[in-house]
Structure formats: structure tokens, C-alpha cells
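What follows is the content of final_35.cif, which has mmCIF, N, CA and C atoms:
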```cif
data_query
loop_
_atom_site.label_atom_id
_atom_site.label_comp_id
_atom_site.auth_asym_id
_atom_site.auth_seq_id
_atom_site.Cartn_x
_atom_site.Cartn_y
_atom_site.Cartn_z
N MET A 1 52.54 -93.08 95.56
CA MET A 1 51.28 -92.58 95.04
C MET A 1 50.28 -93.73 94.93
N ARG A 2 49.08 -93.52 95.46
CA ARG A 2 48.05 -94.55 95.41
C ARG A 2 47.42 -94.60 94.03
N PRO A 3 47.05 -95.82 93.58
CA PRO A 3 46.38 -95.91 92.28
C PRO A 3 45.00 -95.27 92.36
N LYS A 4 44.60 -94.64 91.29
CA LYS A 4 43.30 -93.98 91.22
C LYS A 4 42.20 -95.04 91.11
N ARG A 5 41.21 -94.95 91.99
CA ARG A 5 40.09 -95.88 91.96
C ARG A 5 38.93 -95.25 91.20
N THR A 6 38.32 -96.04 90.35
CA THR A 6 37.18 -95.56 89.59
C THR A 6 35.90 -95.92 90.34
N LEU A 7 35.04 -94.96 90.48
CA LEU A 7 33.74 -95.17 91.11
C LEU A 7 32.76 -95.62 90.04
N LEU A 8 32.10 -96.74 90.27
CA LEU A 8 31.07 -97.23 89.37
C LEU A 8 29.72 -96.89 89.98
N LEU A 9 28.91 -96.17 89.24
CA LEU A 9 27.60 -95.75 89.72
C LEU A 9 26.54 -96.37 88.84
N SER A 10 25.67 -97.19 89.43
CA SER A 10 24.55 -97.80 88.72
C SER A 10 23.28 -97.04 89.10
N TYR A 11 22.45 -96.72 88.11
CA TYR A 11 21.26 -95.90 88.38
C TYR A 11 20.24 -96.07 87.27
N SER A 12 18.99 -95.67 87.54
CA SER A 12 17.99 -95.61 86.48
C SER A 12 17.64 -94.16 86.18
N TYR A 13 17.77 -93.29 87.14
CA TYR A 13 17.62 -91.85 86.93
C TYR A 13 18.36 -91.17 88.07
N LEU A 14 19.17 -90.21 87.74
CA LEU A 14 19.85 -89.46 88.76
C LEU A 14 19.69 -87.99 88.41
N GLY A 15 18.82 -87.33 89.13
CA GLY A 15 18.55 -85.95 88.82
C GLY A 15 17.87 -85.25 89.98
N MET A 16 17.40 -84.08 89.67
CA MET A 16 16.77 -83.24 90.70
C MET A 16 15.34 -82.91 90.31
N GLY A 17 14.59 -83.94 89.95
CA GLY A 17 13.18 -83.75 89.63
C GLY A 17 12.98 -82.76 88.50
N GLN A 18 12.20 -81.73 88.76
CA GLN A 18 11.87 -80.73 87.74
C GLN A 18 13.07 -79.91 87.29
N LEU A 19 14.14 -79.92 88.08
CA LEU A 19 15.33 -79.14 87.72
C LEU A 19 16.24 -79.88 86.73
N GLY A 20 15.93 -81.13 86.44
CA GLY A 20 16.70 -81.88 85.45
C GLY A 20 17.85 -82.65 86.07
N LEU A 21 18.80 -83.03 85.20
CA LEU A 21 19.94 -83.82 85.64
C LEU A 21 20.80 -83.04 86.63
N ALA A 22 21.41 -83.78 87.53
CA ALA A 22 22.31 -83.17 88.52
C ALA A 22 23.59 -82.75 87.79
N PRO A 23 23.93 -81.45 87.78
CA PRO A 23 25.04 -80.97 86.97
C PRO A 23 26.40 -81.56 87.36
N ASN A 24 26.67 -81.76 88.63
CA ASN A 24 27.97 -82.33 89.03
C ASN A 24 28.08 -83.79 88.61
N PHE A 25 26.98 -84.53 88.72
CA PHE A 25 26.96 -85.91 88.25
C PHE A 25 27.21 -85.95 86.75
N ARG A 26 26.50 -85.12 86.02
CA ARG A 26 26.64 -85.11 84.56
C ARG A 26 28.06 -84.77 84.15
N ARG A 27 28.65 -83.78 84.80
CA ARG A 27 30.03 -83.39 84.50
C ARG A 27 31.00 -84.54 84.76
N ALA A 28 30.84 -85.21 85.89
CA ALA A 28 31.72 -86.33 86.24
C ALA A 28 31.57 -87.47 85.24
N ALA A 29 30.35 -87.75 84.81
CA ALA A 29 30.11 -88.82 83.83
C ALA A 29 30.72 -88.46 82.47
N GLU A 30 30.52 -87.21 82.04
CA GLU A 30 31.06 -86.78 80.75
C GLU A 30 32.58 -86.76 80.74
N ASN A 31 33.19 -86.41 81.86
CA ASN A 31 34.66 -86.37 81.97
C ASN A 31 35.25 -87.72 82.32
N ALA A 32 34.43 -88.75 82.46
CA ALA A 32 34.85 -90.10 82.83
C ALA A 32 35.55 -90.14 84.19
N THR A 33 35.19 -89.20 85.08
CA THR A 33 35.69 -89.23 86.45
C THR A 33 35.04 -90.40 87.19
N ILE A 34 33.82 -90.72 86.78
CA ILE A 34 33.10 -91.88 87.31
C ILE A 34 32.66 -92.75 86.14
N GLU A 35 32.52 -94.04 86.40
CA GLU A 35 31.98 -94.95 85.41
C GLU A 35 30.50 -95.12 85.73
N VAL A 36 29.66 -95.06 84.72
CA VAL A 36 28.23 -95.15 84.97
C VAL A 36 27.63 -96.33 84.21
N LYS A 37 26.63 -96.93 84.85
CA LYS A 37 25.81 -97.97 84.22
C LYS A 37 24.38 -97.51 84.35
N GLU A 38 23.79 -97.12 83.23
CA GLU A 38 22.41 -96.66 83.25
C GLU A 38 21.47 -97.82 82.96
N TYR A 39 20.47 -97.98 83.80
CA TYR A 39 19.47 -99.03 83.67
C TYR A 39 18.13 -98.41 83.32
N ASN A 40 17.28 -99.19 82.63
CA ASN A 40 15.89 -98.76 82.53
C ASN A 40 15.24 -99.09 83.88
N ILE A 41 14.08 -98.57 84.13
CA ILE A 41 13.45 -98.70 85.44
C ILE A 41 13.20 -100.16 85.80
N LEU A 42 12.68 -100.95 84.86
CA LEU A 42 12.39 -102.35 85.13
C LEU A 42 13.68 -103.13 85.39
N GLY A 43 14.72 -102.86 84.62
CA GLY A 43 15.99 -103.55 84.82
C GLY A 43 16.59 -103.25 86.18
N PHE A 44 16.50 -101.99 86.58
CA PHE A 44 17.03 -101.58 87.89
C PHE A 44 16.29 -102.30 89.02
N ALA A 45 14.97 -102.29 88.94
CA ALA A 45 14.17 -102.96 89.97
C ALA A 45 14.43 -104.46 89.98
N SER A 46 14.57 -105.06 88.82
CA SER A 46 14.83 -106.50 88.74
C SER A 46 16.19 -106.86 89.34
N ALA A 47 17.21 -106.03 89.08
CA ALA A 47 18.54 -106.29 89.64
C ALA A 47 18.53 -106.19 91.16
N LEU A 48 17.81 -105.21 91.69
CA LEU A 48 17.69 -105.07 93.14
C LEU A 48 16.93 -106.25 93.75
N ARG A 49 15.83 -106.62 93.14
CA ARG A 49 15.02 -107.71 93.68
C ARG A 49 15.76 -109.04 93.63
N ALA A 50 16.53 -109.28 92.57
CA ALA A 50 17.33 -110.51 92.49
C ALA A 50 18.32 -110.56 93.65
N ALA A 51 18.97 -109.44 93.93
CA ALA A 51 19.93 -109.39 95.04
C ALA A 51 19.23 -109.66 96.36
N ASN A 52 18.06 -109.07 96.57
CA ASN A 52 17.32 -109.26 97.81
C ASN A 52 16.84 -110.69 97.99
N MET A 53 16.61 -111.38 96.91
CA MET A 53 16.15 -112.77 96.99
C MET A 53 17.31 -113.76 97.01
N GLY A 54 18.53 -113.26 96.90
CA GLY A 54 19.69 -114.14 96.90
C GLY A 54 19.84 -114.92 95.60
N LEU A 55 19.27 -114.38 94.52
CA LEU A 55 19.33 -115.04 93.21
C LEU A 55 20.42 -114.40 92.35
N PRO A 56 21.03 -115.14 91.44
CA PRO A 56 22.05 -114.55 90.57
C PRO A 56 21.46 -113.63 89.50
N PHE A 57 20.18 -113.82 89.16
CA PHE A 57 19.51 -112.99 88.16
C PHE A 57 18.01 -113.11 88.36
N LEU A 58 17.28 -112.24 87.67
CA LEU A 58 15.83 -112.31 87.65
C LEU A 58 15.38 -112.23 86.20
N PRO A 59 14.50 -113.12 85.76
CA PRO A 59 14.03 -113.03 84.37
C PRO A 59 13.13 -111.82 84.18
N SER A 60 13.18 -111.25 82.98
CA SER A 60 12.39 -110.07 82.67
C SER A 60 11.92 -110.12 81.22
N ARG A 61 10.75 -109.57 80.98
CA ARG A 61 10.24 -109.48 79.60
C ARG A 61 10.63 -108.17 78.94
N GLY A 62 10.88 -107.14 79.74
CA GLY A 62 11.08 -105.80 79.19
C GLY A 62 12.50 -105.51 78.78
N GLY A 63 12.66 -104.66 77.80
CA GLY A 63 13.97 -104.15 77.42
C GLY A 63 14.56 -104.70 76.15
N PHE A 64 13.94 -105.71 75.53
CA PHE A 64 14.50 -106.28 74.31
C PHE A 64 14.70 -105.20 73.25
N GLY A 65 15.85 -105.19 72.63
CA GLY A 65 16.13 -104.26 71.55
C GLY A 65 16.63 -102.90 71.99
N SER A 66 16.69 -102.62 73.29
CA SER A 66 17.13 -101.29 73.73
C SER A 66 18.65 -101.23 73.82
N ASP A 67 19.19 -100.04 73.65
CA ASP A 67 20.64 -99.84 73.76
C ASP A 67 21.13 -100.11 75.18
N ILE A 68 20.30 -99.81 76.18
CA ILE A 68 20.70 -100.03 77.57
C ILE A 68 20.97 -101.52 77.80
N VAL A 69 20.07 -102.37 77.33
CA VAL A 69 20.23 -103.82 77.50
C VAL A 69 21.49 -104.29 76.78
N LYS A 70 21.73 -103.76 75.60
CA LYS A 70 22.93 -104.14 74.83
C LYS A 70 24.21 -103.69 75.56
N GLU A 71 24.21 -102.46 76.06
CA GLU A 71 25.39 -101.94 76.76
C GLU A 71 25.68 -102.69 78.06
N LEU A 72 24.64 -103.10 78.76
CA LEU A 72 24.82 -103.83 80.02
C LEU A 72 25.15 -105.30 79.79
N GLY A 73 24.98 -105.77 78.58
CA GLY A 73 25.34 -107.15 78.25
C GLY A 73 24.42 -108.19 78.84
N PHE A 74 23.15 -107.86 79.00
CA PHE A 74 22.20 -108.85 79.53
C PHE A 74 22.13 -110.04 78.59
N LYS A 75 22.06 -111.22 79.16
CA LYS A 75 21.92 -112.44 78.38
C LYS A 75 20.45 -112.84 78.34
N THR A 76 20.12 -113.73 77.41
CA THR A 76 18.75 -114.21 77.33
C THR A 76 18.69 -115.65 77.83
N ILE A 77 17.52 -116.03 78.30
CA ILE A 77 17.25 -117.40 78.73
C ILE A 77 15.92 -117.81 78.13
N THR A 78 15.69 -119.11 78.09
CA THR A 78 14.42 -119.63 77.60
C THR A 78 13.64 -120.19 78.78
N CYS A 79 12.40 -119.75 78.91
CA CYS A 79 11.54 -120.25 79.98
C CYS A 79 11.31 -121.75 79.78
N PRO A 80 11.58 -122.57 80.80
CA PRO A 80 11.39 -124.01 80.65
C PRO A 80 9.92 -124.44 80.56
N TYR A 81 9.00 -123.53 80.89
CA TYR A 81 7.58 -123.87 80.88
C TYR A 81 6.86 -123.42 79.61
N THR A 82 7.24 -122.23 79.11
CA THR A 82 6.54 -121.68 77.95
C THR A 82 7.39 -121.61 76.69
N GLY A 83 8.72 -121.71 76.85
CA GLY A 83 9.62 -121.58 75.71
C GLY A 83 9.88 -120.12 75.33
N GLN A 84 9.30 -119.18 76.09
CA GLN A 84 9.46 -117.76 75.80
C GLN A 84 10.89 -117.30 76.10
N GLU A 85 11.43 -116.45 75.24
CA GLU A 85 12.75 -115.88 75.46
C GLU A 85 12.63 -114.70 76.44
N LEU A 86 13.47 -114.70 77.47
CA LEU A 86 13.45 -113.67 78.50
C LEU A 86 14.85 -113.13 78.71
N LEU A 87 14.93 -111.91 79.24
CA LEU A 87 16.21 -111.35 79.64
C LEU A 87 16.56 -111.86 81.02
N ALA A 88 17.84 -112.16 81.24
CA ALA A 88 18.33 -112.54 82.56
C ALA A 88 19.05 -111.31 83.13
N VAL A 89 18.36 -110.58 84.01
CA VAL A 89 18.92 -109.36 84.59
C VAL A 89 19.75 -109.75 85.82
N PRO A 90 21.08 -109.53 85.78
CA PRO A 90 21.92 -109.94 86.91
C PRO A 90 21.66 -109.12 88.17
N ALA A 91 21.82 -109.78 89.32
CA ALA A 91 21.62 -109.12 90.61
C ALA A 91 22.67 -108.04 90.83
N PHE A 92 22.28 -106.99 91.51
CA PHE A 92 23.23 -105.96 91.94
C PHE A 92 24.05 -106.48 93.11
N HIS A 93 25.30 -106.13 93.13
CA HIS A 93 26.15 -106.38 94.29
C HIS A 93 26.68 -105.01 94.70
N LEU A 94 25.90 -104.29 95.50
CA LEU A 94 26.21 -102.92 95.85
C LEU A 94 27.17 -102.86 97.04
N ASP A 95 28.23 -102.07 96.90
CA ASP A 95 29.12 -101.83 98.04
C ASP A 95 28.48 -100.82 98.98
N VAL A 96 27.96 -99.73 98.41
CA VAL A 96 27.36 -98.66 99.20
C VAL A 96 26.07 -98.22 98.52
N CYS A 97 25.07 -97.99 99.32
CA CYS A 97 23.81 -97.47 98.82
C CYS A 97 23.53 -96.16 99.56
N VAL A 98 23.09 -95.15 98.83
CA VAL A 98 22.74 -93.86 99.43
C VAL A 98 21.28 -93.58 99.12
N ILE A 99 20.50 -93.33 100.16
CA ILE A 99 19.11 -92.94 99.97
C ILE A 99 18.84 -91.66 100.76
N HIS A 100 17.84 -90.92 100.33
CA HIS A 100 17.46 -89.69 101.01
C HIS A 100 16.06 -89.88 101.57
N ALA A 101 15.85 -89.42 102.80
CA ALA A 101 14.57 -89.61 103.48
C ALA A 101 14.04 -88.31 104.05
N LEU A 102 12.79 -88.36 104.42
CA LEU A 102 12.13 -87.22 105.04
C LEU A 102 12.73 -86.97 106.43
N GLN A 103 12.79 -88.03 107.24
CA GLN A 103 13.34 -87.88 108.58
C GLN A 103 13.90 -89.21 109.07
N ALA A 104 14.77 -89.12 110.07
CA ALA A 104 15.37 -90.30 110.69
C ALA A 104 15.64 -89.98 112.15
N ASP A 105 15.75 -91.05 112.96
CA ASP A 105 16.11 -90.82 114.36
C ASP A 105 17.54 -91.28 114.61
N CYS A 106 18.00 -91.09 115.83
CA CYS A 106 19.40 -91.41 116.17
C CYS A 106 19.68 -92.91 116.15
N TYR A 107 18.65 -93.75 116.08
CA TYR A 107 18.84 -95.20 116.05
C TYR A 107 18.87 -95.75 114.62
N GLY A 108 18.69 -94.88 113.65
CA GLY A 108 18.72 -95.32 112.26
C GLY A 108 17.37 -95.67 111.67
N ASN A 109 16.29 -95.41 112.39
CA ASN A 109 14.96 -95.60 111.83
C ASN A 109 14.71 -94.48 110.83
N VAL A 110 14.18 -94.82 109.68
CA VAL A 110 14.04 -93.87 108.59
C VAL A 110 12.60 -93.82 108.12
N GLN A 111 12.10 -92.60 107.88
CA GLN A 111 10.76 -92.43 107.32
C GLN A 111 10.91 -91.90 105.91
N ALA A 112 10.34 -92.64 104.96
CA ALA A 112 10.45 -92.28 103.55
C ALA A 112 9.50 -91.14 103.21
N HIS A 113 9.68 -90.58 102.02
CA HIS A 113 8.84 -89.47 101.56
C HIS A 113 7.43 -89.92 101.22
N SER A 114 7.29 -91.13 100.69
CA SER A 114 5.97 -91.59 100.28
C SER A 114 5.84 -93.07 100.63
N PRO A 115 4.61 -93.58 100.63
CA PRO A 115 4.44 -95.00 100.94
C PRO A 115 5.13 -95.88 99.91
N VAL A 116 5.59 -97.03 100.35
CA VAL A 116 6.24 -97.98 99.45
C VAL A 116 5.18 -98.58 98.54
N GLU A 117 5.44 -98.59 97.26
CA GLU A 117 4.55 -99.22 96.30
C GLU A 117 5.14 -100.54 95.88
N SER A 118 4.31 -101.47 95.50
CA SER A 118 4.81 -102.80 95.15
C SER A 118 5.65 -102.78 93.88
N THR A 119 5.43 -101.81 93.00
CA THR A 119 6.19 -101.77 91.75
C THR A 119 7.39 -100.83 91.83
N ILE A 120 7.39 -99.91 92.78
CA ILE A 120 8.49 -98.95 92.86
C ILE A 120 8.99 -98.93 94.30
N ASP A 121 9.73 -99.94 94.67
CA ASP A 121 10.22 -100.07 96.04
C ASP A 121 11.73 -99.86 96.11
N TYR A 122 12.23 -98.90 95.35
CA TYR A 122 13.68 -98.74 95.20
C TYR A 122 14.42 -98.50 96.51
N ASP A 123 13.96 -97.58 97.32
CA ASP A 123 14.71 -97.26 98.53
C ASP A 123 14.85 -98.47 99.45
N VAL A 124 13.77 -99.18 99.66
CA VAL A 124 13.82 -100.36 100.52
C VAL A 124 14.69 -101.44 99.87
N ALA A 125 14.50 -101.67 98.59
CA ALA A 125 15.27 -102.70 97.89
C ALA A 125 16.76 -102.34 97.86
N MET A 126 17.08 -101.07 97.61
CA MET A 126 18.49 -100.66 97.60
C MET A 126 19.11 -100.81 98.98
N ALA A 127 18.38 -100.40 100.00
CA ALA A 127 18.90 -100.49 101.36
C ALA A 127 19.23 -101.93 101.72
N ARG A 128 18.43 -102.86 101.25
CA ARG A 128 18.66 -104.27 101.55
C ARG A 128 19.74 -104.88 100.67
N ALA A 129 19.97 -104.34 99.48
CA ALA A 129 20.94 -104.91 98.54
C ALA A 129 22.37 -104.45 98.80
N GLY A 130 22.55 -103.35 99.52
CA GLY A 130 23.88 -102.81 99.73
C GLY A 130 24.60 -103.40 100.93
N LYS A 131 25.92 -103.47 100.84
CA LYS A 131 26.72 -103.90 101.99
C LYS A 131 26.72 -102.82 103.07
N ARG A 132 26.70 -101.57 102.64
CA ARG A 132 26.66 -100.43 103.55
C ARG A 132 25.57 -99.48 103.07
N LEU A 133 24.93 -98.82 104.04
CA LEU A 133 23.85 -97.90 103.72
C LEU A 133 24.15 -96.53 104.31
N VAL A 134 24.02 -95.52 103.49
CA VAL A 134 24.14 -94.13 103.94
C VAL A 134 22.78 -93.49 103.73
N VAL A 135 22.24 -92.89 104.79
CA VAL A 135 20.95 -92.21 104.70
C VAL A 135 21.17 -90.74 104.98
N THR A 136 20.70 -89.91 104.07
CA THR A 136 20.62 -88.47 104.34
C THR A 136 19.16 -88.18 104.65
N ALA A 137 18.92 -87.23 105.53
CA ALA A 137 17.55 -86.94 105.92
C ALA A 137 17.35 -85.43 106.03
N GLU A 138 16.12 -85.03 105.76
CA GLU A 138 15.76 -83.62 105.90
C GLU A 138 15.92 -83.16 107.34
N ARG A 139 15.63 -84.07 108.29
CA ARG A 139 15.79 -83.72 109.70
C ARG A 139 15.95 -84.98 110.55
N VAL A 140 16.62 -84.81 111.68
CA VAL A 140 16.75 -85.87 112.67
C VAL A 140 15.71 -85.59 113.75
N VAL A 141 14.92 -86.61 114.07
CA VAL A 141 13.82 -86.44 115.01
C VAL A 141 14.01 -87.38 116.21
N SER A 142 13.27 -87.14 117.24
CA SER A 142 13.27 -88.00 118.42
C SER A 142 12.67 -89.36 118.08
N PRO A 143 13.18 -90.44 118.68
CA PRO A 143 12.60 -91.75 118.41
C PRO A 143 11.13 -91.86 118.84
N GLU A 144 10.71 -91.03 119.77
CA GLU A 144 9.31 -91.07 120.19
C GLU A 144 8.42 -90.55 119.09
#
```
Please express the file's structure as C-alpha cells.
Amino acid sequence: MRPKRTLLLSYSYLGMGQLGLAPNFRRAAENATIEVKEYNILGFASALRAANMGLPFLPSRGGFGSDIVKELGFKTITCPYTGQELLAVPAFHLDVCVIHALQADCYGNVQAHSPVESTIDYDVAMARAGKRLVVTAERVVSPE
């Protein structure tokens, strides 16, 4: 008998937009079928960006005093220039990343639902941070 492997899922929001939380995800999290690490939006983006830059962590001002920061065990650092206390958000080391797109072609080119914004670049950042990438798409189109 093979040992049971626990799936660790890191996320900042996992749901179906106006329909609320994804019921199968919620059930699996409540039953401890999967282990979850919930991040605030800034922490999630910082962890992705640190991984993309090849850094062990990225300093952040946001999140002090929140339960999420306490549960994730973020450490603090002191800025060598200002003396300000900052959170050190560790880089993600993703085994697999799954993103959903509007369309893709047979060569793996993917078109996102909306333009990439400088503050919310999750799909691009996740795709670059993962060892493997899985893309689901509404449709497969011709490369032309």
C-alpha cells in the first residue's frame, strides 16, 4: 500500500466569482483531504514575485497583525536604510501551477481574460514560478 500524499494548496482566493467558494475545494479543506495555506492578496503576489526574481523573500509593509501572517509564520526584518520593520514574505516554490485562460493554441500560446496589470499579475507570475504549468482554456484556436 502506497503512503497517502497530502496536497498542499496555496491561494489568496479560490472560488467561482459571484457564486462564492468552490464547494468541492471547501469540502476537501474542511475534511483535511488537502492542506491549505491562505494568503492575503499582497502576500500572495509578493511570494510569486520573489520566486520570479530568484530571491528567497520579498519585503512587504502589509499584513502586520493579521491571523494569516501569524499562521504562515512570516518573519520580520529591519530595513537597513530606514530602520522600518517589514515582513519577509518567503518565495513560493510551486510544483504545479494551474491557470485558466480564454483561449490557447496547440503550441501552448495562451490568451488571458484581461490585460495584465502591474499590481495584479497573478497568472503570469504563477506560470513563471511553477515547475510545471497546466492551462485550461475555454477553447483551442488556430495559431494564426
Fill in: Expansion of the PyMOL selection byres ((chain A and resi 86) around 8) into residues, as a ChimeraX atom specification
/A:58-62,74-79,83-85,87-89
Would you save the residues of that selection, restricted to N, CA and C atoms, as a short mmCIF file (atom, residue, chain, number, x, y, z; two decimals), in the coordinates of the input?
```cif
data_model
loop_
_atom_site.label_atom_id
_atom_site.label_comp_id
_atom_site.auth_asym_id
_atom_site.auth_seq_id
_atom_site.Cartn_x
_atom_site.Cartn_y
_atom_site.Cartn_z
N LEU A 58 17.28 -112.24 87.67
CA LEU A 58 15.83 -112.31 87.65
C LEU A 58 15.38 -112.23 86.20
N PRO A 59 14.50 -113.12 85.76
CA PRO A 59 14.03 -113.03 84.37
C PRO A 59 13.13 -111.82 84.18
N SER A 60 13.18 -111.25 82.98
CA SER A 60 12.39 -110.07 82.67
C SER A 60 11.92 -110.12 81.22
N ARG A 61 10.75 -109.57 80.98
CA ARG A 61 10.24 -109.48 79.60
C ARG A 61 10.63 -108.17 78.94
N GLY A 62 10.88 -107.14 79.74
CA GLY A 62 11.08 -105.80 79.19
C GLY A 62 12.50 -105.51 78.78
N PHE A 74 23.15 -107.86 79.00
CA PHE A 74 22.20 -108.85 79.53
C PHE A 74 22.13 -110.04 78.59
N LYS A 75 22.06 -111.22 79.16
CA LYS A 75 21.92 -112.44 78.38
C LYS A 75 20.45 -112.84 78.34
N THR A 76 20.12 -113.73 77.41
CA THR A 76 18.75 -114.21 77.33
C THR A 76 18.69 -115.65 77.83
N ILE A 77 17.52 -116.03 78.30
CA ILE A 77 17.25 -117.40 78.73
C ILE A 77 15.92 -117.81 78.13
N THR A 78 15.69 -119.11 78.09
CA THR A 78 14.42 -119.63 77.60
C THR A 78 13.64 -120.19 78.78
N CYS A 79 12.40 -119.75 78.91
CA CYS A 79 11.54 -120.25 79.98
C CYS A 79 11.31 -121.75 79.78
N GLY A 83 8.72 -121.71 76.85
CA GLY A 83 9.62 -121.58 75.71
C GLY A 83 9.88 -120.12 75.33
N GLN A 84 9.30 -119.18 76.09
CA GLN A 84 9.46 -117.76 75.80
C GLN A 84 10.89 -117.30 76.10
N GLU A 85 11.43 -116.45 75.24
CA GLU A 85 12.75 -115.88 75.46
C GLU A 85 12.63 -114.70 76.44
N LEU A 87 14.93 -111.91 79.24
CA LEU A 87 16.21 -111.35 79.64
C LEU A 87 16.56 -111.86 81.02
N ALA A 88 17.84 -112.16 81.24
CA ALA A 88 18.33 -112.54 82.56
C ALA A 88 19.05 -111.31 83.13
N VAL A 89 18.36 -110.58 84.01
CA VAL A 89 18.92 -109.36 84.59
C VAL A 89 19.75 -109.75 85.82
#
```
Each residue of stretch 61-101 of chain A with at least one atom at most 9 Å from stretch 28-43 of chain A should appear once, together with its nearest atom pair and the corresponding distance in Å (one decimal); atoms considered: only C-alpha atoms; ordering: chain, then increasing residue number; output as a Markdown table.
```
| residue | atom | partner | partner_atom | distance |
| --- | --- | --- | --- | --- |
| A:Gly62 | CA | A:Leu42 | CA | 7.0 |
| A:Gly63 | CA | A:Asn40 | CA | 7.7 |
| A:Ile68 | CA | A:Tyr39 | CA | 6.3 |
| A:Val69 | CA | A:Tyr39 | CA | 7.8 |
| A:Glu71 | CA | A:Lys37 | CA | 8.5 |
| A:Leu72 | CA | A:Lys37 | CA | 7.3 |
| A:Val89 | CA | A:Gly43 | CA | 6.5 |
| A:Pro90 | CA | A:Gly43 | CA | 9.0 |
```
Would you put the residues from that selection into a file with N, CA and C atoms, as an mmCIF file, in the coordinates of the input?
```cif
data_model
loop_
_atom_site.group_PDB
_atom_site.id
_atom_site.type_symbol
_atom_site.label_atom_id
_atom_site.label_comp_id
_atom_site.auth_asym_id
_atom_site.auth_seq_id
_atom_site.Cartn_x
_atom_site.Cartn_y
_atom_site.Cartn_z
ATOM 1 N N GLY A 62 10.880 -107.140 79.740
ATOM 2 C CA GLY A 62 11.080 -105.800 79.190
ATOM 3 C C GLY A 62 12.500 -105.510 78.780
ATOM 4 N N GLY A 63 12.660 -104.660 77.800
ATOM 5 C CA GLY A 63 13.970 -104.150 77.420
ATOM 6 C C GLY A 63 14.560 -104.700 76.150
ATOM 7 N N ILE A 68 20.300 -99.810 76.180
ATOM 8 C CA ILE A 68 20.700 -100.030 77.570
ATOM 9 C C ILE A 68 20.970 -101.520 77.800
ATOM 10 N N VAL A 69 20.070 -102.370 77.330
ATOM 11 C CA VAL A 69 20.230 -103.820 77.500
ATOM 12 C C VAL A 69 21.490 -104.290 76.780
ATOM 13 N N GLU A 71 24.210 -102.460 76.060
ATOM 14 C CA GLU A 71 25.390 -101.940 76.760
ATOM 15 C C GLU A 71 25.680 -102.690 78.060
ATOM 16 N N LEU A 72 24.640 -103.100 78.760
ATOM 17 C CA LEU A 72 24.820 -103.830 80.020
ATOM 18 C C LEU A 72 25.150 -105.300 79.790
ATOM 19 N N VAL A 89 18.360 -110.580 84.010
ATOM 20 C CA VAL A 89 18.920 -109.360 84.590
ATOM 21 C C VAL A 89 19.750 -109.750 85.820
ATOM 22 N N PRO A 90 21.080 -109.530 85.780
ATOM 23 C CA PRO A 90 21.920 -109.940 86.910
ATOM 24 C C PRO A 90 21.660 -109.120 88.170
#
```
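Taking atom CA of A:Ala104 as the reference point, atom N of A:Leu14 is found at 23.3 Å.
With only C-alpha atoms as the basis for measurement, A:Leu9 is the residue among A:Gly15, A:Arg26, A:Leu9, A:Val110 that approaches A:Val96 most closely.
Shell of A:Ala129 at 6 Å, with only N, CA and C atoms counted and residues fewer than 5 places along the chain excluded, is Ala51, Asn52, His93 and Leu94 of chain A.
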Written file, previous selection with N, CA and C atoms, as a PDB file, keeping the file's coordinate frame:
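The resulting file, part_21.pdb, is shown below:
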```pdb
ATOM      1  N   ALA A  51      18.970-109.440  93.930  1.00  0.00           N
ATOM      2  CA  ALA A  51      19.930-109.390  95.040  1.00  0.00           C
ATOM      3  C   ALA A  51      19.230-109.660  96.360  1.00  0.00           C
ATOM      4  N   ASN A  52      18.060-109.070  96.570  1.00  0.00           N
ATOM      5  CA  ASN A  52      17.320-109.260  97.810  1.00  0.00           C
ATOM      6  C   ASN A  52      16.840-110.690  97.990  1.00  0.00           C
ATOM      7  N   HIS A  93      25.300-106.130  93.130  1.00  0.00           N
ATOM      8  CA  HIS A  93      26.150-106.380  94.290  1.00  0.00           C
ATOM      9  C   HIS A  93      26.680-105.010  94.700  1.00  0.00           C
ATOM     10  N   LEU A  94      25.900-104.290  95.500  1.00  0.00           N
ATOM     11  CA  LEU A  94      26.210-102.920  95.850  1.00  0.00           C
ATOM     12  C   LEU A  94      27.170-102.860  97.040  1.00  0.00           C
TER      13      LEU A  94
END
```
Item to complete: Write down as a ChimeraX atom specification the residues of stretch 29-114 of chain A whose backbone DSSP state falls under helix (DSSP H, G or I).
Response: /A:29-30,41-52,67-72
Fill in: Result set of the PyMOL selection byres ((chain A and resi 143) around 6.5) on the coordinates above, as a PyMOL selection string
chain A and resi 105-106+141-142+144
Would you write out those residues with N, CA and C atoms, as a tab-separated table (two decimals), keeping the file's coordinate frame?
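What follows is the written file out_17.tsv:
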```tsv
chain	number	residue	atom	x	y	z
A	105	ASP	N	15.75	-91.05	112.96
A	105	ASP	CA	16.11	-90.82	114.36
A	105	ASP	C	17.54	-91.28	114.61
A	106	CYS	N	18.00	-91.09	115.83
A	106	CYS	CA	19.40	-91.41	116.17
A	106	CYS	C	19.68	-92.91	116.15
A	141	VAL	N	14.92	-86.61	114.07
A	141	VAL	CA	13.82	-86.44	115.01
A	141	VAL	C	14.01	-87.38	116.21
A	142	SER	N	13.27	-87.14	117.24
A	142	SER	CA	13.27	-88.00	118.42
A	142	SER	C	12.67	-89.36	118.08
A	144	GLU	N	10.71	-91.03	119.77
A	144	GLU	CA	9.31	-91.07	120.19
A	144	GLU	C	8.42	-90.55	119.09
```
Discussion item. From a backbone DSSP assignment, name each residue in stretch 16-127 of chain A labelled strand (DSSP E), as a VMD selection string.
Written reply: chain A and resid 34 to 38 57 to 60 75 to 78 85 to 90 94 to 105 110 to 111
Discussion item. One number please: atom N of A:Ser66 to atom CA of A:Ser12, in Å, one decimal.
Written reply: 15.0 Å
Fill in: Polymer residues at most 9 Å from A:Gly54, only C-alpha atoms, same-chain spacing of 4 or more positions, as a VMD selection string
chain A and resid 49 to 50 91
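A straight line drawn from atom CA of A:Ile99 to atom CA of A:Arg139 is 13.8 Å long.
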